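Visitor: Got protein-v6.pdb for you, PDB, C-alpha atoms, pLDDT in the B column:
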ATOM      1  CA  MET A   1       2.449  97.526  90.861  1.00 42.00           C
ATOM      2  CA  ASN A   2       2.975 100.917  92.388  1.00 45.00           C
ATOM      3  CA  ARG A   3       6.021 103.084  91.776  1.00 52.00           C
ATOM      4  CA  LYS A   4       7.852 101.619  94.775  1.00 73.00           C
ATOM      5  CA  SER A   5       7.421  98.044  93.608  1.00 90.00           C
ATOM      6  CA  PHE A   6       8.648  96.350  90.486  1.00 95.00           C
ATOM      7  CA  ARG A   7       9.417  92.896  89.095  1.00 97.00           C
ATOM      8  CA  ILE A   8      12.534  91.707  87.281  1.00 97.00           C
ATOM      9  CA  THR A   9      12.752  88.513  85.259  1.00 98.00           C
ATOM     10  CA  VAL A  10      16.320  87.222  85.487  1.00 98.00           C
ATOM     11  CA  VAL A  11      17.764  84.723  83.001  1.00 98.00           C
ATOM     12  CA  SER A  12      21.258  83.358  82.500  1.00 98.00           C
ATOM     13  CA  ASP A  13      23.017  80.664  80.510  1.00 98.00           C
ATOM     14  CA  VAL A  14      20.500  80.069  77.719  1.00 98.00           C
ATOM     15  CA  HIS A  15      23.017  78.012  75.689  1.00 98.00           C
ATOM     16  CA  GLY A  16      20.644  77.531  72.748  1.00 97.00           C
ATOM     17  CA  ALA A  17      17.412  76.976  74.710  1.00 98.00           C
ATOM     18  CA  VAL A  18      15.615  79.603  72.594  1.00 97.00           C
ATOM     19  CA  GLU A  19      12.318  77.722  72.792  1.00 97.00           C
ATOM     20  CA  ARG A  20      12.377  77.966  76.606  1.00 98.00           C
ATOM     21  CA  LEU A  21      13.251  81.646  76.349  1.00 98.00           C
ATOM     22  CA  GLY A  22      10.347  82.165  73.953  1.00 97.00           C
ATOM     23  CA  ARG A  23       7.965  80.666  76.515  1.00 97.00           C
ATOM     24  CA  LEU A  24       9.046  83.370  78.990  1.00 97.00           C
ATOM     25  CA  ILE A  25       8.226  86.381  76.786  1.00 98.00           C
ATOM     26  CA  ARG A  26       4.766  86.939  78.294  1.00 98.00           C
ATOM     27  CA  GLU A  27       6.150  86.790  81.835  1.00 97.00           C
ATOM     28  CA  ILE A  28       9.095  89.024  80.951  1.00 98.00           C
ATOM     29  CA  ASN A  29       6.763  91.627  79.444  1.00 98.00           C
ATOM     30  CA  SER A  30       4.381  91.511  82.412  1.00 98.00           C
ATOM     31  CA  GLY A  31       7.200  92.728  84.650  1.00 97.00           C
ATOM     32  CA  ASN A  32       9.249  95.900  84.657  1.00 96.00           C
ATOM     33  CA  TYR A  33      12.746  94.744  83.649  1.00 97.00           C
ATOM     34  CA  PHE A  34      14.511  91.855  81.953  1.00 98.00           C
ATOM     35  CA  VAL A  35      18.023  91.036  83.154  1.00 98.00           C
ATOM     36  CA  PHE A  36      20.241  88.650  81.199  1.00 98.00           C
ATOM     37  CA  CYS A  37      23.468  87.489  82.849  1.00 98.00           C
ATOM     38  CA  GLY A  38      25.276  86.131  79.803  1.00 98.00           C
ATOM     39  CA  ASP A  39      25.985  82.960  77.840  1.00 98.00           C
ATOM     40  CA  GLY A  40      23.398  83.090  75.102  1.00 98.00           C
ATOM     41  CA  VAL A  41      23.478  86.688  73.860  1.00 98.00           C
ATOM     42  CA  ARG A  42      22.651  85.518  70.329  1.00 98.00           C
ATOM     43  CA  ASP A  43      19.668  83.579  71.703  1.00 98.00           C
ATOM     44  CA  VAL A  44      18.386  86.668  73.522  1.00 98.00           C
ATOM     45  CA  MET A  45      18.861  88.820  70.427  1.00 97.00           C
ATOM     46  CA  ARG A  46      16.673  86.366  68.472  1.00 97.00           C
ATOM     47  CA  VAL A  47      13.696  87.260  70.702  1.00 97.00           C
ATOM     48  CA  ALA A  48      14.673  90.820  71.694  1.00 97.00           C
ATOM     49  CA  GLY A  49      12.119  92.342  69.299  1.00 97.00           C
ATOM     50  CA  GLU A  50       9.348  90.674  71.308  1.00 98.00           C
ATOM     51  CA  ILE A  51      10.545  92.062  74.648  1.00 98.00           C
ATOM     52  CA  THR A  52       8.800  95.322  75.519  1.00 98.00           C
ATOM     53  CA  VAL A  53      10.393  96.094  78.904  1.00 98.00           C
ATOM     54  CA  PRO A  54      13.851  97.608  79.474  1.00 97.00           C
ATOM     55  CA  MET A  55      16.652  95.033  79.237  1.00 97.00           C
ATOM     56  CA  LEU A  56      20.004  94.843  80.980  1.00 97.00           C
ATOM     57  CA  CYS A  57      22.233  92.336  79.210  1.00 98.00           C
ATOM     58  CA  VAL A  58      25.859  91.353  79.664  1.00 98.00           C
ATOM     59  CA  ARG A  59      28.044  88.900  77.805  1.00 98.00           C
ATOM     60  CA  GLY A  60      29.338  85.683  79.273  1.00 98.00           C
ATOM     61  CA  ASN A  61      32.451  83.630  78.653  1.00 98.00           C
ATOM     62  CA  ASN A  62      30.736  81.776  75.769  1.00 98.00           C
ATOM     63  CA  ASP A  63      29.398  84.885  74.005  1.00 98.00           C
ATOM     64  CA  PHE A  64      32.240  85.027  71.499  1.00 97.00           C
ATOM     65  CA  GLY A  65      32.244  88.173  69.371  1.00 96.00           C
ATOM     66  CA  SER A  66      29.692  90.019  71.477  1.00 97.00           C
ATOM     67  CA  GLU A  67      30.434  93.663  72.126  1.00 97.00           C
ATOM     68  CA  LEU A  68      28.251  93.810  75.233  1.00 98.00           C
ATOM     69  CA  ALA A  69      29.951  94.712  78.493  1.00 98.00           C
ATOM     70  CA  GLU A  70      30.835  91.941  80.935  1.00 97.00           C
ATOM     71  CA  THR A  71      29.495  93.965  83.865  1.00 98.00           C
ATOM     72  CA  VAL A  72      26.837  96.672  84.010  1.00 98.00           C
ATOM     73  CA  ILE A  73      25.812  98.829  86.966  1.00 98.00           C
ATOM     74  CA  GLU A  74      22.390 100.461  86.733  1.00 97.00           C
ATOM     75  CA  ASN A  75      19.755 102.031  88.954  1.00 94.00           C
ATOM     76  CA  LEU A  76      16.546  99.997  88.742  1.00 89.00           C
ATOM     77  CA  CYS A  77      13.825 102.172  90.270  1.00 82.00           C
ATOM     78  CA  GLY A  78      16.378 103.605  92.681  1.00 86.00           C
ATOM     79  CA  ILE A  79      18.012 100.263  93.529  1.00 92.00           C
ATOM     80  CA  ARG A  80      21.672 100.303  92.496  1.00 96.00           C
ATOM     81  CA  THR A  81      22.213  96.960  90.769  1.00 97.00           C
ATOM     82  CA  LEU A  82      25.222  95.115  89.350  1.00 98.00           C
ATOM     83  CA  VAL A  83      24.731  92.607  86.520  1.00 98.00           C
ATOM     84  CA  THR A  84      27.566  90.294  85.446  1.00 98.00           C
ATOM     85  CA  HIS A  85      28.154  86.785  84.192  1.00 98.00           C
ATOM     86  CA  GLY A  86      30.676  86.316  86.962  1.00 98.00           C
ATOM     87  CA  HIS A  87      33.404  84.256  85.316  1.00 98.00           C
ATOM     88  CA  ARG A  88      35.960  87.063  85.726  1.00 97.00           C
ATOM     89  CA  MET A  89      35.009  87.374  89.413  1.00 97.00           C
ATOM     90  CA  GLY A  90      35.638  83.717  90.160  1.00 97.00           C
ATOM     91  CA  VAL A  91      32.070  82.897  91.157  1.00 98.00           C
ATOM     92  CA  ARG A  92      32.724  79.168  90.837  1.00 97.00           C
ATOM     93  CA  ARG A  93      34.971  79.542  93.910  1.00 97.00           C
ATOM     94  CA  GLY A  94      32.583  81.841  95.796  1.00 96.00           C
ATOM     95  CA  THR A  95      30.831  85.196  95.585  1.00 96.00           C
ATOM     96  CA  GLU A  96      33.018  87.258  97.906  1.00 96.00           C
ATOM     97  CA  VAL A  97      34.725  89.114  95.011  1.00 97.00           C
ATOM     98  CA  LEU A  98      31.336  89.793  93.395  1.00 98.00           C
ATOM     99  CA  ALA A  99      29.971  91.124  96.694  1.00 97.00           C
ATOM    100  CA  ASP A 100      33.048  93.302  97.167  1.00 97.00           C
ATOM    101  CA  VAL A 101      32.822  94.799  93.648  1.00 98.00           C
ATOM    102  CA  ALA A 102      29.100  95.436  94.120  1.00 98.00           C
ATOM    103  CA  CYS A 103      29.635  97.016  97.532  1.00 97.00           C
ATOM    104  CA  ARG A 104      32.497  99.248  96.311  1.00 97.00           C
ATOM    105  CA  ASN A 105      30.164 100.508  93.564  1.00 98.00           C
ATOM    106  CA  GLY A 106      27.311 101.264  95.958  1.00 98.00           C
ATOM    107  CA  CYS A 107      25.147  98.344  94.774  1.00 97.00           C
ATOM    108  CA  VAL A 108      22.731  96.585  97.094  1.00 95.00           C
ATOM    109  CA  LEU A 109      21.635  94.010  94.510  1.00 97.00           C
ATOM    110  CA  ALA A 110      23.814  91.852  92.237  1.00 98.00           C
ATOM    111  CA  PHE A 111      22.815  89.323  89.568  1.00 98.00           C
ATOM    112  CA  TYR A 112      25.231  86.777  88.121  1.00 98.00           C
ATOM    113  CA  GLY A 113      25.316  83.508  86.171  1.00 98.00           C
ATOM    114  CA  HIS A 114      28.064  81.131  85.014  1.00 98.00           C
ATOM    115  CA  THR A 115      27.669  78.403  87.679  1.00 98.00           C
ATOM    116  CA  HIS A 116      24.276  77.113  86.420  1.00 98.00           C
ATOM    117  CA  VAL A 117      23.254  76.882  90.089  1.00 98.00           C
ATOM    118  CA  PHE A 118      20.454  78.937  91.652  1.00 98.00           C
ATOM    119  CA  ASP A 119      21.710  81.151  94.473  1.00 98.00           C
ATOM    120  CA  ASP A 120      19.956  83.748  96.631  1.00 98.00           C
ATOM    121  CA  ARG A 121      21.716  85.155  99.676  1.00 96.00           C
ATOM    122  CA  THR A 122      23.216  88.245 101.196  1.00 96.00           C
ATOM    123  CA  VAL A 123      27.001  88.658 101.297  1.00 94.00           C
ATOM    124  CA  GLY A 124      28.571  91.743 102.851  1.00 90.00           C
ATOM    125  CA  GLY A 125      25.263  93.622 102.750  1.00 93.00           C
ATOM    126  CA  VAL A 126      24.682  92.862  99.044  1.00 96.00           C
ATOM    127  CA  ARG A 127      21.776  90.649  97.931  1.00 97.00           C
ATOM    128  CA  ILE A 128      23.312  88.252  95.423  1.00 98.00           C
ATOM    129  CA  ILE A 129      21.106  86.265  93.041  1.00 98.00           C
ATOM    130  CA  ASN A 130      21.913  83.655  90.411  1.00 98.00           C
ATOM    131  CA  ALA A 131      18.854  82.532  88.439  1.00 98.00           C
ATOM    132  CA  GLY A 132      20.450  79.200  87.573  1.00 98.00           C
ATOM    133  CA  ALA A 133      20.634  78.158  83.925  1.00 98.00           C
ATOM    134  CA  LEU A 134      17.752  78.491  81.501  1.00 98.00           C
ATOM    135  CA  CYS A 135      19.243  75.611  79.494  1.00 98.00           C
ATOM    136  CA  ASN A 136      18.407  73.510  82.577  1.00 98.00           C
ATOM    137  CA  GLY A 137      14.972  75.145  82.910  1.00 98.00           C
ATOM    138  CA  SER A 138      15.751  77.576  85.753  1.00 98.00           C
ATOM    139  CA  TYR A 139      15.167  81.332  85.934  1.00 98.00           C
ATOM    140  CA  ALA A 140      14.215  83.860  88.629  1.00 98.00           C
ATOM    141  CA  SER A 141      11.431  86.317  89.265  1.00 98.00           C
ATOM    142  CA  VAL A 142      12.580  89.069  91.614  1.00 98.00           C
ATOM    143  CA  GLU A 143      10.075  91.408  93.211  1.00 96.00           C
ATOM    144  CA  VAL A 144      11.153  94.579  94.946  1.00 94.00           C
ATOM    145  CA  ALA A 145       8.597  96.358  97.125  1.00 91.00           C
ATOM    146  CA  ASP A 146       9.499  99.256  99.405  1.00 85.00           C
ATOM    147  CA  GLY A 147      13.124  98.128  99.457  1.00 79.00           C
ATOM    148  CA  THR A 148      12.355  94.477 100.273  1.00 91.00           C
ATOM    149  CA  VAL A 149      13.620  91.934  97.742  1.00 94.00           C
ATOM    150  CA  ILE A 150      11.763  88.653  97.220  1.00 96.00           C
ATOM    151  CA  CYS A 151      13.365  86.163  94.853  1.00 98.00           C
ATOM    152  CA  ASN A 152      11.495  83.172  93.474  1.00 98.00           C
ATOM    153  CA  ARG A 153      13.235  80.396  91.553  1.00 98.00           C
ATOM    154  CA  LYS A 154      11.038  79.299  88.679  1.00 98.00           C
ATOM    155  CA  THR A 155      11.237  76.602  86.035  1.00 97.00           C
ATOM    156  CA  VAL A 156      10.198  76.383  82.411  1.00 96.00           C
TER
END
What does the file become when written as structure tokens?
Guide:
Amino acid sequence: MNRKSFRITVVSDVHGAVERLGRLIREINSGNYFVFCGDGVRDVMRVAGEITVPMLCVRGNNDFGSELAETVIENLCGIRTLVTHGHRMGVRRGTEVLADVACRNGCVLAFYGHTHVFDDRTVGGVRIINAGALCNGSYASVEVADGTVICNRKTV
């Protein structure tokens, strides 16, 4: 991939499915970033030593005792990105609050979890992606090339 293109592997809601997560290590490391949207921080930490790409991880509502932030905003190759689990933003009722928070912080891309349902759409000018739940076999591969975002739902 050239400097203007990169790939992000997005995972959420592992809930103990460490074996599935382990099967993703090669794919994670073949990309440029790993994004974890919470609920399974301990599971991710079990394999973190095998992950060689930069990671953005947040805690979810079931990550008791974790000191990770609930929301992180980061520039990924110049793309301002919000990562959250989403429970505090009411994502079970809709993603309008998430889109508003992302927009107010200058983000054009937002990743979330919590609902266990894959989602890929644009709300208020923000591309919002939920990879689904890894405990149910769902994750996402997101490719960004020259500002265009392509999201693929994958299963393991």
Visitor: Please write the residues picked by the PyMOL selection byres ((chain A and resi 44-49) around 12) on this file as a VMD selection string.
Guide: chain A and resid 11 to 26 28 to 29 34 to 43 50 to 59 63 66 68 134
Visitor: Return the single residue from A:Leu76, A:Val126, A:Leu109, A:Met89 that is closest to A:Asn61, with distances computed using all atoms listed in the file.
Guide: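 Ranked by minimum distance to A:Asn61, first place goes to A:Met89.
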Visitor: Could you work out how far atom CA of A:Asp146 lies from atom CA of A:Gly132, giving the answer in Å with one decimal?
Guide: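 About the pair atom CA of A:Gly132 and atom CA of A:Asp146: they are 25.7 Å apart.
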Visitor: Report, in Å to a single decimal, how far apart atom CA of A:Thr155 and atom CA of A:Thr71 are.
Guide: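 Atom CA of A:Thr155 lies at a distance of 25.3 Å from atom CA of A:Thr71.
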Visitor: Once you count all atoms listed in the file, which residues end up no further than 12 Å from (9.8, 102.9, 85.0) in the file's frame, shown as a PDB file with C-alpha atoms, in the frame of the given file?
Guide:
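Saved to selection_25.pdb:
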ATOM      1  CA  MET A   1       2.449  97.526  90.861  1.00 42.00           C
ATOM      2  CA  ASN A   2       2.975 100.917  92.388  1.00 45.00           C
ATOM      3  CA  ARG A   3       6.021 103.084  91.776  1.00 52.00           C
ATOM      4  CA  LYS A   4       7.852 101.619  94.775  1.00 73.00           C
ATOM      5  CA  SER A   5       7.421  98.044  93.608  1.00 90.00           C
ATOM      6  CA  PHE A   6       8.648  96.350  90.486  1.00 95.00           C
ATOM      7  CA  ARG A   7       9.417  92.896  89.095  1.00 97.00           C
ATOM      8  CA  ILE A   8      12.534  91.707  87.281  1.00 97.00           C
ATOM      9  CA  GLY A  31       7.200  92.728  84.650  1.00 97.00           C
ATOM     10  CA  ASN A  32       9.249  95.900  84.657  1.00 96.00           C
ATOM     11  CA  TYR A  33      12.746  94.744  83.649  1.00 97.00           C
ATOM     12  CA  VAL A  53      10.393  96.094  78.904  1.00 98.00           C
ATOM     13  CA  PRO A  54      13.851  97.608  79.474  1.00 97.00           C
ATOM     14  CA  MET A  55      16.652  95.033  79.237  1.00 97.00           C
ATOM     15  CA  ASN A  75      19.755 102.031  88.954  1.00 94.00           C
ATOM     16  CA  LEU A  76      16.546  99.997  88.742  1.00 89.00           C
ATOM     17  CA  CYS A  77      13.825 102.172  90.270  1.00 82.00           C
ATOM     18  CA  GLY A  78      16.378 103.605  92.681  1.00 86.00           C
TER      19      GLY A  78
END
Visitor: Would you please work out which residue, of A:Asn152, A:Ser30, A:Asn62, A:Thr95, is nearest to A:Ser138 when using only C-alpha atoms?
Guide: A:Asn152
Visitor: Between atom CA of A:Val91 and atom CA of A:Gly124, what is the distance in Å, rounded to a tenth?
Guide: 15.1 Å
Visitor: Looking at A:Val156, A:Ile79, A:Cys151, A:Ala99, which one is nearest to A:Val123, with distances taken over only C-alpha atoms?
Guide: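 Between A:Val156, A:Ile79, A:Cys151, A:Ala99, the residue approaching A:Val123 most closely is A:Ala99.
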Visitor: Would you list the contacts of A:His114 as a ChimeraX atom specification, taking every protein, DNA or RNA residue within 7 Å and counting all atoms listed in the file, but skipping same-chain residues closer than 5 positions in sequence?
Guide: /A:13,85-87
Visitor: Using all atoms listed in the file, what residues lie at most 8 Å away from (25.9, 90.8, 92.0) (file coordinates), given as a list in words?
Guide: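 Here is the list of nearby residues: Thr81, Leu82, Val83, Thr84, Leu98, Ala99, Ala102, Leu109, Ala110, Phe111, Tyr112, Val126, Arg127, Ile128 and Ile129 of chain A.
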Visitor: Which residue, A:Thr115, A:Ser141, A:Thr122, A:Thr9, has the smallest gap to A:Gly90 when you use only C-alpha atoms?
Guide: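 Nearest to A:Gly90: A:Thr115.
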Visitor: Of the candidates A:Arg121, A:Val10, A:Arg80, A:Gly106, which one gets nearest to A:Ala133 if we count only C-alpha atoms?
Guide: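 Comparing A:Arg121, A:Val10, A:Arg80, A:Gly106 against A:Ala133, the winner is A:Val10.
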Visitor: If the box runs along x, y and z of the file and leaves 6 Å on each side of stretch 59-65 of chain A, what are its centre and edge lengths in Å, one decimal, as lines of an AutoDock Vina configuration file?
Guide:
center_x = 30.2
center_y = 85.3
center_z = 74.3
size_x = 16.4
size_y = 19.1
size_z = 21.9
Visitor: Out of A:Gly113, A:Cys135, A:Val149, A:Arg92, which residue has the shortest atom-to-atom distance to A:Glu70 when counting all atoms listed in the file?
Guide: A:Gly113
Visitor: Taking N, CA and C atoms as the atom set, what does stretch 93-110 of chain A look like once completed, written as a PDB file, in the frame of the given file?
Guide:
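Output (result10.pdb):
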ATOM      1  N   ARG A  93      34.272  79.738  92.633  1.00 97.00           N
ATOM      2  CA  ARG A  93      34.971  79.542  93.910  1.00 97.00           C
ATOM      3  C   ARG A  93      34.281  80.261  95.063  1.00 97.00           C
ATOM      4  N   GLY A  94      33.289  81.093  94.759  1.00 96.00           N
ATOM      5  CA  GLY A  94      32.583  81.841  95.796  1.00 96.00           C
ATOM      6  C   GLY A  94      32.194  83.219  95.286  1.00 96.00           C
ATOM      7  N   THR A  95      31.364  83.902  96.031  1.00 96.00           N
ATOM      8  CA  THR A  95      30.831  85.196  95.585  1.00 96.00           C
ATOM      9  C   THR A  95      31.396  86.384  96.369  1.00 96.00           C
ATOM     10  N   GLU A  96      32.456  86.164  97.113  1.00 96.00           N
ATOM     11  CA  GLU A  96      33.018  87.258  97.906  1.00 96.00           C
ATOM     12  C   GLU A  96      33.528  88.398  97.030  1.00 96.00           C
ATOM     13  N   VAL A  97      34.215  88.072  95.918  1.00 97.00           N
ATOM     14  CA  VAL A  97      34.725  89.114  95.011  1.00 97.00           C
ATOM     15  C   VAL A  97      33.552  89.871  94.394  1.00 97.00           C
ATOM     16  N   LEU A  98      32.538  89.157  93.947  1.00 98.00           N
ATOM     17  CA  LEU A  98      31.336  89.793  93.395  1.00 98.00           C
ATOM     18  C   LEU A  98      30.711  90.740  94.413  1.00 98.00           C
ATOM     19  N   ALA A  99      30.559  90.282  95.646  1.00 97.00           N
ATOM     20  CA  ALA A  99      29.971  91.124  96.694  1.00 97.00           C
ATOM     21  C   ALA A  99      30.828  92.351  96.949  1.00 97.00           C
ATOM     22  N   ASP A 100      32.143  92.176  96.940  1.00 97.00           N
ATOM     23  CA  ASP A 100      33.048  93.302  97.167  1.00 97.00           C
ATOM     24  C   ASP A 100      32.950  94.335  96.047  1.00 97.00           C
ATOM     25  N   VAL A 101      32.942  93.877  94.786  1.00 98.00           N
ATOM     26  CA  VAL A 101      32.822  94.799  93.648  1.00 98.00           C
ATOM     27  C   VAL A 101      31.488  95.537  93.715  1.00 98.00           C
ATOM     28  N   ALA A 102      30.416  94.809  94.014  1.00 98.00           N
ATOM     29  CA  ALA A 102      29.100  95.436  94.120  1.00 98.00           C
ATOM     30  C   ALA A 102      29.090  96.474  95.239  1.00 98.00           C
ATOM     31  N   CYS A 103      29.607  96.103  96.385  1.00 97.00           N
ATOM     32  CA  CYS A 103      29.635  97.016  97.532  1.00 97.00           C
ATOM     33  C   CYS A 103      30.456  98.270  97.234  1.00 97.00           C
ATOM     34  N   ARG A 104      31.644  98.100  96.637  1.00 97.00           N
ATOM     35  CA  ARG A 104      32.497  99.248  96.311  1.00 97.00           C
ATOM     36  C   ARG A 104      31.833 100.199  95.311  1.00 97.00           C
ATOM     37  N   ASN A 105      30.872  99.680  94.537  1.00 98.00           N
ATOM     38  CA  ASN A 105      30.164 100.508  93.564  1.00 98.00           C
ATOM     39  C   ASN A 105      28.792 100.954  94.068  1.00 98.00           C
ATOM     40  N   GLY A 106      28.549 100.787  95.351  1.00 98.00           N
ATOM     41  CA  GLY A 106      27.311 101.264  95.958  1.00 98.00           C
ATOM     42  C   GLY A 106      26.079 100.443  95.612  1.00 98.00           C
ATOM     43  N   CYS A 107      26.273  99.206  95.161  1.00 97.00           N
ATOM     44  CA  CYS A 107      25.147  98.344  94.774  1.00 97.00           C
ATOM     45  C   CYS A 107      24.636  97.576  95.986  1.00 97.00           C
ATOM     46  N   VAL A 108      23.340  97.396  96.046  1.00 95.00           N
ATOM     47  CA  VAL A 108      22.731  96.585  97.094  1.00 95.00           C
ATOM     48  C   VAL A 108      22.145  95.296  96.533  1.00 95.00           C
ATOM     49  N   LEU A 109      22.164  95.179  95.197  1.00 97.00           N
ATOM     50  CA  LEU A 109      21.635  94.010  94.510  1.00 97.00           C
ATOM     51  C   LEU A 109      22.619  93.626  93.411  1.00 97.00           C
ATOM     52  N   ALA A 110      22.899  92.323  93.279  1.00 98.00           N
ATOM     53  CA  ALA A 110      23.814  91.852  92.237  1.00 98.00           C
ATOM     54  C   ALA A 110      23.272  90.560  91.638  1.00 98.00           C
TER      55      ALA A 110
END
